[in-house]
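Enquirer: Handing over input_4.cif, mmCIF, C-alpha atoms.
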```
data_target
#
loop_
_atom_site.label_atom_id
_atom_site.label_comp_id
_atom_site.auth_asym_id
_atom_site.auth_seq_id
_atom_site.Cartn_x
_atom_site.Cartn_y
_atom_site.Cartn_z
CA PRO A 13 -11.43 33.72 -34.48
CA ARG A 14 -11.58 30.29 -36.10
CA VAL A 15 -8.92 27.82 -35.04
CA ASP A 16 -7.52 27.50 -38.58
CA VAL A 17 -7.10 31.30 -38.79
CA VAL A 18 -5.34 31.45 -35.40
CA LEU A 19 -2.98 28.61 -36.34
CA ARG A 20 -2.18 29.92 -39.82
CA ASP A 21 -1.54 33.47 -38.60
CA TRP A 22 0.79 32.17 -35.87
CA LEU A 23 2.73 29.85 -38.19
CA ASN A 24 3.22 32.55 -40.83
CA ALA A 25 4.23 35.14 -38.23
CA THR A 26 6.73 32.72 -36.69
CA LEU A 27 8.30 31.90 -40.06
CA LYS A 28 8.60 35.62 -40.76
CA GLU A 29 10.34 36.40 -37.43
CA ALA A 30 12.33 33.23 -36.66
CA PRO A 31 16.01 33.46 -37.68
CA LYS A 32 17.49 30.67 -39.80
CA LYS A 33 19.42 29.31 -36.81
CA LEU A 34 16.07 28.13 -35.36
CA LYS A 35 15.93 25.40 -37.99
CA GLU A 36 13.88 22.88 -36.01
CA LEU A 37 11.21 25.50 -35.29
CA ARG A 38 11.11 26.70 -38.91
CA ASP A 39 10.89 23.12 -40.23
CA GLU A 40 8.09 22.29 -37.79
CA CYS A 41 6.14 25.42 -38.78
CA THR A 42 6.53 24.65 -42.50
CA ALA A 43 5.31 21.08 -41.98
CA ASP A 44 2.39 22.33 -39.86
CA LEU A 45 1.32 24.78 -42.55
CA GLU A 46 1.20 21.93 -45.08
CA ARG A 47 -0.72 19.75 -42.62
CA LEU A 48 -3.09 22.61 -41.89
CA GLY A 49 -3.86 23.05 -45.58
CA SER A 50 -4.90 19.41 -46.01
CA ALA A 51 -6.75 18.97 -42.70
CA PRO A 52 -10.50 18.21 -43.01
CA ALA A 53 -12.80 20.99 -41.86
CA GLY A 54 -13.88 20.59 -38.26
CA SER A 55 -11.01 18.28 -37.33
CA LEU A 56 -8.48 20.94 -36.25
CA ARG A 57 -7.26 21.02 -32.65
CA GLY A 58 -4.59 23.26 -31.21
CA ASP A 59 -3.30 20.27 -29.22
CA ASP A 60 -2.04 18.67 -32.45
CA TYR A 61 0.17 21.68 -33.22
CA PHE A 62 1.69 22.22 -29.80
CA LYS A 63 5.21 21.01 -30.65
CA ALA A 64 5.90 24.14 -32.72
CA LEU A 65 4.45 26.32 -29.96
CA LYS A 66 6.77 24.62 -27.47
CA LEU A 67 9.76 25.26 -29.74
CA GLY A 68 8.63 28.88 -30.11
CA CYS A 69 8.64 29.29 -26.33
CA GLU A 70 12.21 27.95 -26.29
CA ALA A 71 13.49 30.42 -28.93
CA ALA A 72 16.38 31.95 -26.96
CA GLY A 73 17.58 35.24 -28.39
CA SER A 74 14.27 35.90 -30.18
CA PRO A 75 11.83 37.60 -27.78
CA LYS A 76 9.43 38.36 -30.65
CA VAL A 77 9.16 34.67 -31.56
CA VAL A 78 8.59 33.76 -27.90
CA SER A 79 5.93 36.49 -27.61
CA ILE A 80 4.11 35.21 -30.70
CA ALA A 81 4.05 31.68 -29.25
CA LEU A 82 2.79 32.85 -25.84
CA ASP A 83 0.08 35.03 -27.40
CA THR A 84 -1.09 32.10 -29.52
CA ILE A 85 -1.15 29.73 -26.54
CA ARG A 86 -3.31 32.26 -24.66
CA ILE A 87 -5.74 32.65 -27.58
CA LEU A 88 -6.01 28.89 -28.17
CA LEU A 89 -6.59 28.19 -24.47
CA SER A 90 -9.15 30.98 -24.04
CA SER A 91 -11.04 29.87 -27.15
CA GLY A 92 -11.12 26.20 -26.12
CA TYR A 93 -8.99 25.15 -29.11
CA LEU A 94 -6.15 23.92 -26.86
CA THR A 95 -7.34 21.77 -23.96
CA GLY A 96 -4.31 19.60 -23.21
CA LYS A 97 -6.48 16.72 -22.05
CA GLY A 98 -4.59 14.03 -23.94
CA PRO A 99 -1.45 12.23 -22.77
CA ASP A 100 1.77 14.23 -22.70
CA PRO A 101 3.92 13.21 -25.70
CA PHE A 102 6.91 15.16 -24.37
CA LYS A 103 7.41 13.07 -21.22
CA GLU A 104 7.54 9.28 -21.01
CA ALA A 105 4.62 7.89 -19.04
CA SER A 106 7.01 5.60 -17.16
CA GLN A 107 8.89 8.65 -15.87
CA VAL A 108 5.90 10.80 -14.95
CA PRO A 109 2.63 8.83 -14.57
CA SER A 110 -0.74 10.55 -14.97
CA ARG A 111 0.79 13.45 -16.90
CA PHE A 112 -1.22 15.27 -19.59
CA LEU A 113 -0.38 17.63 -22.43
CA ILE A 114 -1.60 20.61 -20.36
CA ASP A 115 1.31 19.92 -17.99
CA SER A 116 3.79 20.49 -20.82
CA VAL A 117 1.84 23.60 -21.85
CA VAL A 118 2.30 25.06 -18.36
CA ASP A 119 5.97 23.97 -18.28
CA SER A 120 6.63 25.66 -21.62
CA VAL A 121 5.01 28.92 -20.55
CA VAL A 122 6.71 28.99 -17.15
CA GLY A 123 10.12 28.08 -18.58
CA CYS A 124 9.94 30.21 -21.73
CA ALA A 125 13.05 31.98 -23.01
CA GLU A 126 13.66 35.74 -22.82
CA GLN A 127 11.80 36.29 -19.54
CA ALA A 128 13.95 39.35 -18.84
CA ASP A 129 11.98 41.08 -21.59
CA ASP A 130 8.97 42.85 -20.02
CA GLY A 131 6.78 42.11 -23.03
CA VAL A 132 7.56 38.40 -22.89
CA GLN A 133 6.95 38.35 -19.14
CA LEU A 134 3.55 40.01 -19.56
CA ARG A 135 2.53 37.47 -22.19
CA GLN A 136 3.74 34.68 -19.92
CA LEU A 137 1.39 35.94 -17.22
CA THR A 138 -1.67 36.20 -19.48
CA ALA A 139 -1.02 32.70 -20.89
CA LEU A 140 -0.80 31.25 -17.37
CA ALA A 141 -4.03 32.99 -16.38
CA ALA A 142 -5.76 31.45 -19.39
CA ALA A 143 -4.41 27.98 -18.57
CA VAL A 144 -5.64 27.99 -14.97
CA THR A 145 -8.94 29.86 -15.30
CA THR A 146 -10.32 28.65 -18.66
CA GLN A 147 -13.14 26.12 -18.17
CA SER A 148 -12.00 23.85 -21.01
CA CYS A 149 -8.63 23.22 -19.30
CA GLU A 150 -7.86 21.17 -16.22
CA VAL A 151 -4.64 22.29 -14.55
CA HIS A 152 -4.03 20.30 -11.37
CA GLY A 153 -1.32 19.35 -8.91
CA ASN A 154 2.24 20.44 -9.55
CA SER A 155 1.33 22.39 -12.69
CA CYS A 156 -1.22 24.45 -10.78
CA VAL A 157 1.31 25.17 -8.03
CA LEU A 158 3.92 26.07 -10.64
CA ALA A 159 1.58 28.55 -12.37
CA VAL A 160 0.61 30.26 -9.11
CA SER A 161 4.18 30.42 -7.79
CA THR A 162 5.43 31.90 -11.08
CA CYS A 163 2.87 34.69 -10.85
CA PHE A 164 3.86 35.33 -7.24
CA LYS A 165 7.55 35.59 -8.19
CA VAL A 166 6.75 38.12 -10.92
CA TYR A 167 4.62 40.12 -8.48
CA ARG A 168 7.45 40.09 -5.95
CA ASP A 169 10.46 40.61 -8.23
CA SER A 170 9.41 42.35 -11.45
CA LYS A 171 10.58 45.92 -12.01
CA SER A 172 7.62 46.51 -14.34
CA GLN A 173 4.58 47.97 -12.56
CA ILE A 174 2.36 46.78 -15.40
CA ASN A 175 3.58 43.21 -14.95
CA GLN A 176 3.24 43.43 -11.17
CA ARG A 177 -0.39 44.52 -11.55
CA GLN A 178 -1.04 41.72 -14.03
CA ALA A 179 0.57 39.19 -11.69
CA ASN A 180 -1.57 40.43 -8.79
CA GLN A 181 -4.68 40.16 -10.95
CA ASN A 182 -3.63 36.65 -12.03
CA LEU A 183 -3.25 35.52 -8.43
CA SER A 184 -6.73 36.78 -7.52
CA GLN A 185 -8.31 35.12 -10.56
CA MET A 186 -6.44 31.85 -10.11
CA LEU A 187 -7.16 31.48 -6.41
CA SER A 188 -10.83 32.33 -6.99
CA THR A 189 -11.08 29.72 -9.77
CA ILE A 190 -9.29 27.07 -7.69
CA THR A 191 -11.58 27.74 -4.71
CA GLN A 192 -14.72 27.50 -6.86
CA ARG A 193 -13.57 24.20 -8.36
CA MET A 194 -12.80 22.78 -4.93
CA GLU A 195 -16.26 23.80 -3.69
CA LEU A 196 -17.94 22.24 -6.74
CA SER A 197 -15.90 19.07 -6.33
CA SER A 198 -16.80 18.87 -2.62
CA ALA A 199 -20.50 19.40 -3.38
CA ASP A 200 -20.39 16.71 -6.08
CA MET A 201 -18.74 14.24 -3.70
CA SER A 202 -21.40 15.00 -1.06
CA ARG A 203 -24.21 14.35 -3.57
CA ARG A 204 -22.63 11.05 -4.59
CA SER A 205 -22.25 10.04 -0.96
CA VAL A 206 -25.93 10.77 -0.25
CA THR A 207 -26.98 8.82 -3.35
CA LEU A 208 -24.86 5.81 -2.37
CA GLU A 209 -26.16 5.87 1.20
CA GLY A 210 -29.75 6.09 -0.03
CA GLY A 211 -29.19 3.19 -2.40
CA ALA A 212 -27.60 1.12 0.33
CA ARG A 213 -30.52 1.74 2.73
CA GLU A 214 -33.05 0.87 0.05
CA GLY A 215 -31.20 -2.36 -0.73
CA THR A 216 -31.04 -3.30 2.96
CA GLN A 217 -34.77 -2.68 3.45
CA LYS A 218 -35.62 -4.86 0.46
CA PHE A 219 -33.38 -7.61 1.80
CA VAL A 220 -34.98 -7.45 5.29
CA HIS A 221 -38.52 -7.52 3.96
#
```
Represent the structure contained in this file as structure tokens.

Expert:
Amino acid sequence: PRVDVVLRDWLNATLKEAPKKLKELRDECTADLERLGSAPAGSLRGDDYFKALKLGCEAAGSPKVVSIALDTIRILLSSGYLTGKGPDPFKEASQVPSRFLIDSVVDSVVGCAEQADDGVQLRQLTALAAAVTTQSCEVHGNSCVLAVSTCFKVYRDSKSQINQRQANQNLSQMLSTITQRMELSSADMSRRSVTLEGGAREGTQKFVH
């Protein structure tokens, strides 16, 4: 689906389900719908609309709203519409250096409200799988550890067999993806090392002669 369709469907669904007490979320969704309507074609990015998704994940007492946000995060990540490669606007750089938006995406999914609801928990798992395994995202360091450990906790503690199976599948996919990326990174570093050594030898020979 096109990014504008995904965003509009999510915003309308959230406004339909969110109770009036979630005023900040409702106001953000209303403003985003107006912004979406005036955005030039081809300029839309899911990253620019993440604040409302974050608020949706925090919607305590409204598992349906949380589920809608998690589903949308998964779709945007899997489609490459949400990459999280920019700086994280939700944490001050002075507090957490080298932090990107994808780190807040992972934090929001891991810390989402209503996790006791099996449906919310399942959507949490599929969103985390998308974040770690999608090629357009780069989840590293603490965020990667947090995603993997969350899946392990669900696998260990969940009373839902469906969620346990999903968590087990997530762990296999995540560890496979992480291993592949490490191997590619190691191979790339080896190639660079060989190139540098070759260049250094060539330079030395020219100097000697």

Enquirer: Care to translate the PyMOL selection byres ((chain A and resi 116-131) around 8) into actual residues of this file, as number ranges by chain?

Expert: A: 66, 69-75, 78-79, 82, 96, 100, 102, 112-115, 132-136, 139-140, 143, 155, 158-159, 162, 172, 175

Enquirer: Fewer than 3 positions away in the same chain doesn't count, so skip those; otherwise give me all residues within 7 Å of stretch 179-184 of chain A, counting all atoms listed in the file, as an MDAnalysis selection string.

Expert: chainID A and resid 137 141 160 163:164 166:167 175:176 187:188

Enquirer: Determine the nearest neighbour of A:Trp22 from the options A:Gly92, A:Gly98, A:Gly153, A:Gly58, counting all atoms listed in the file.

Expert: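 Counting all atoms listed in the file, the residue closest to A:Trp22 is A:Gly58.
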
Enquirer: Using only C-alpha atoms, which of A:Ser170, A:Ser161, A:Gln178, A:Asn154 sits nearest A:Thr138?

Expert: A:Gln178

Enquirer: Taking only C-alpha atoms into account, which of A:Arg193, A:Lys28, A:Lys76, A:Lys63 comes nearest A:Pro101?

Expert: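 For A:Pro101, the nearest of the given residues is A:Lys63.
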
Enquirer: For atom CA of A:Pro31 and atom CA of A:Leu94, determine how far apart the two atoms are, in Å to one decimal place.

Expert: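 Going from atom CA of A:Pro31 over to atom CA of A:Leu94 covers 26.4 Å.
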
Enquirer: Calculate how many Å separate atom CA of A:Glu195 from atom CA of A:Thr145, rounding to one decimal.

Expert: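 According to the coordinates, atom CA of A:Glu195 and atom CA of A:Thr145 are separated by 15.0 Å.
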
Enquirer: I'd like the interatomic distance between atom CA of A:Leu45 and atom CA of A:Arg57, to a tenth of an Å.

Expert: 13.6 Å

Enquirer: For A:Leu67, which residue out of A:Ala51, A:Ala43, A:Leu34, A:Ile85 is the nearest one, using only C-alpha atoms?

Expert: A:Leu34

Enquirer: Given the choices A:Lys33, A:Ala25, A:Asp16, A:Gly68, which gets closest to A:Pro52 if the distance is worked out from all atoms listed in the file?

Expert: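 Using all atoms listed in the file, the shortest distance to A:Pro52 belongs to A:Asp16.
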
Enquirer: Identify which of the residues A:Ala30, A:Asp21, A:Val15, A:Thr191 lies closest to A:Ser55, counting only C-alpha atoms when measuring atom-to-atom distances.

Expert: A:Val15

Enquirer: Can you pull out every residue within 10 Å of A:Ile190, counting only C-alpha atoms, but drop anything in the same chain fewer than 4 positions away, and send it as a PyMOL selection string?

Expert: chain A and resi 144-145+151-152+156+185-186+194-196

Enquirer: Using C-alpha atoms, can you export the residues from the last selection as a PDB file, in the frame of the given file?

Expert:
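again29.pdb, freshly written:
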```pdb
ATOM      1  CA  VAL A 144      -5.640  27.990 -14.970  1.00  0.00           C
ATOM      2  CA  THR A 145      -8.940  29.860 -15.300  1.00  0.00           C
ATOM      3  CA  VAL A 151      -4.640  22.290 -14.550  1.00  0.00           C
ATOM      4  CA  HIS A 152      -4.030  20.300 -11.370  1.00  0.00           C
ATOM      5  CA  CYS A 156      -1.220  24.450 -10.780  1.00  0.00           C
ATOM      6  CA  GLN A 185      -8.310  35.120 -10.560  1.00  0.00           C
ATOM      7  CA  MET A 186      -6.440  31.850 -10.110  1.00  0.00           C
ATOM      8  CA  MET A 194     -12.800  22.780  -4.930  1.00  0.00           C
ATOM      9  CA  GLU A 195     -16.260  23.800  -3.690  1.00  0.00           C
ATOM     10  CA  LEU A 196     -17.940  22.240  -6.740  1.00  0.00           C
TER      11      LEU A 196
END
```
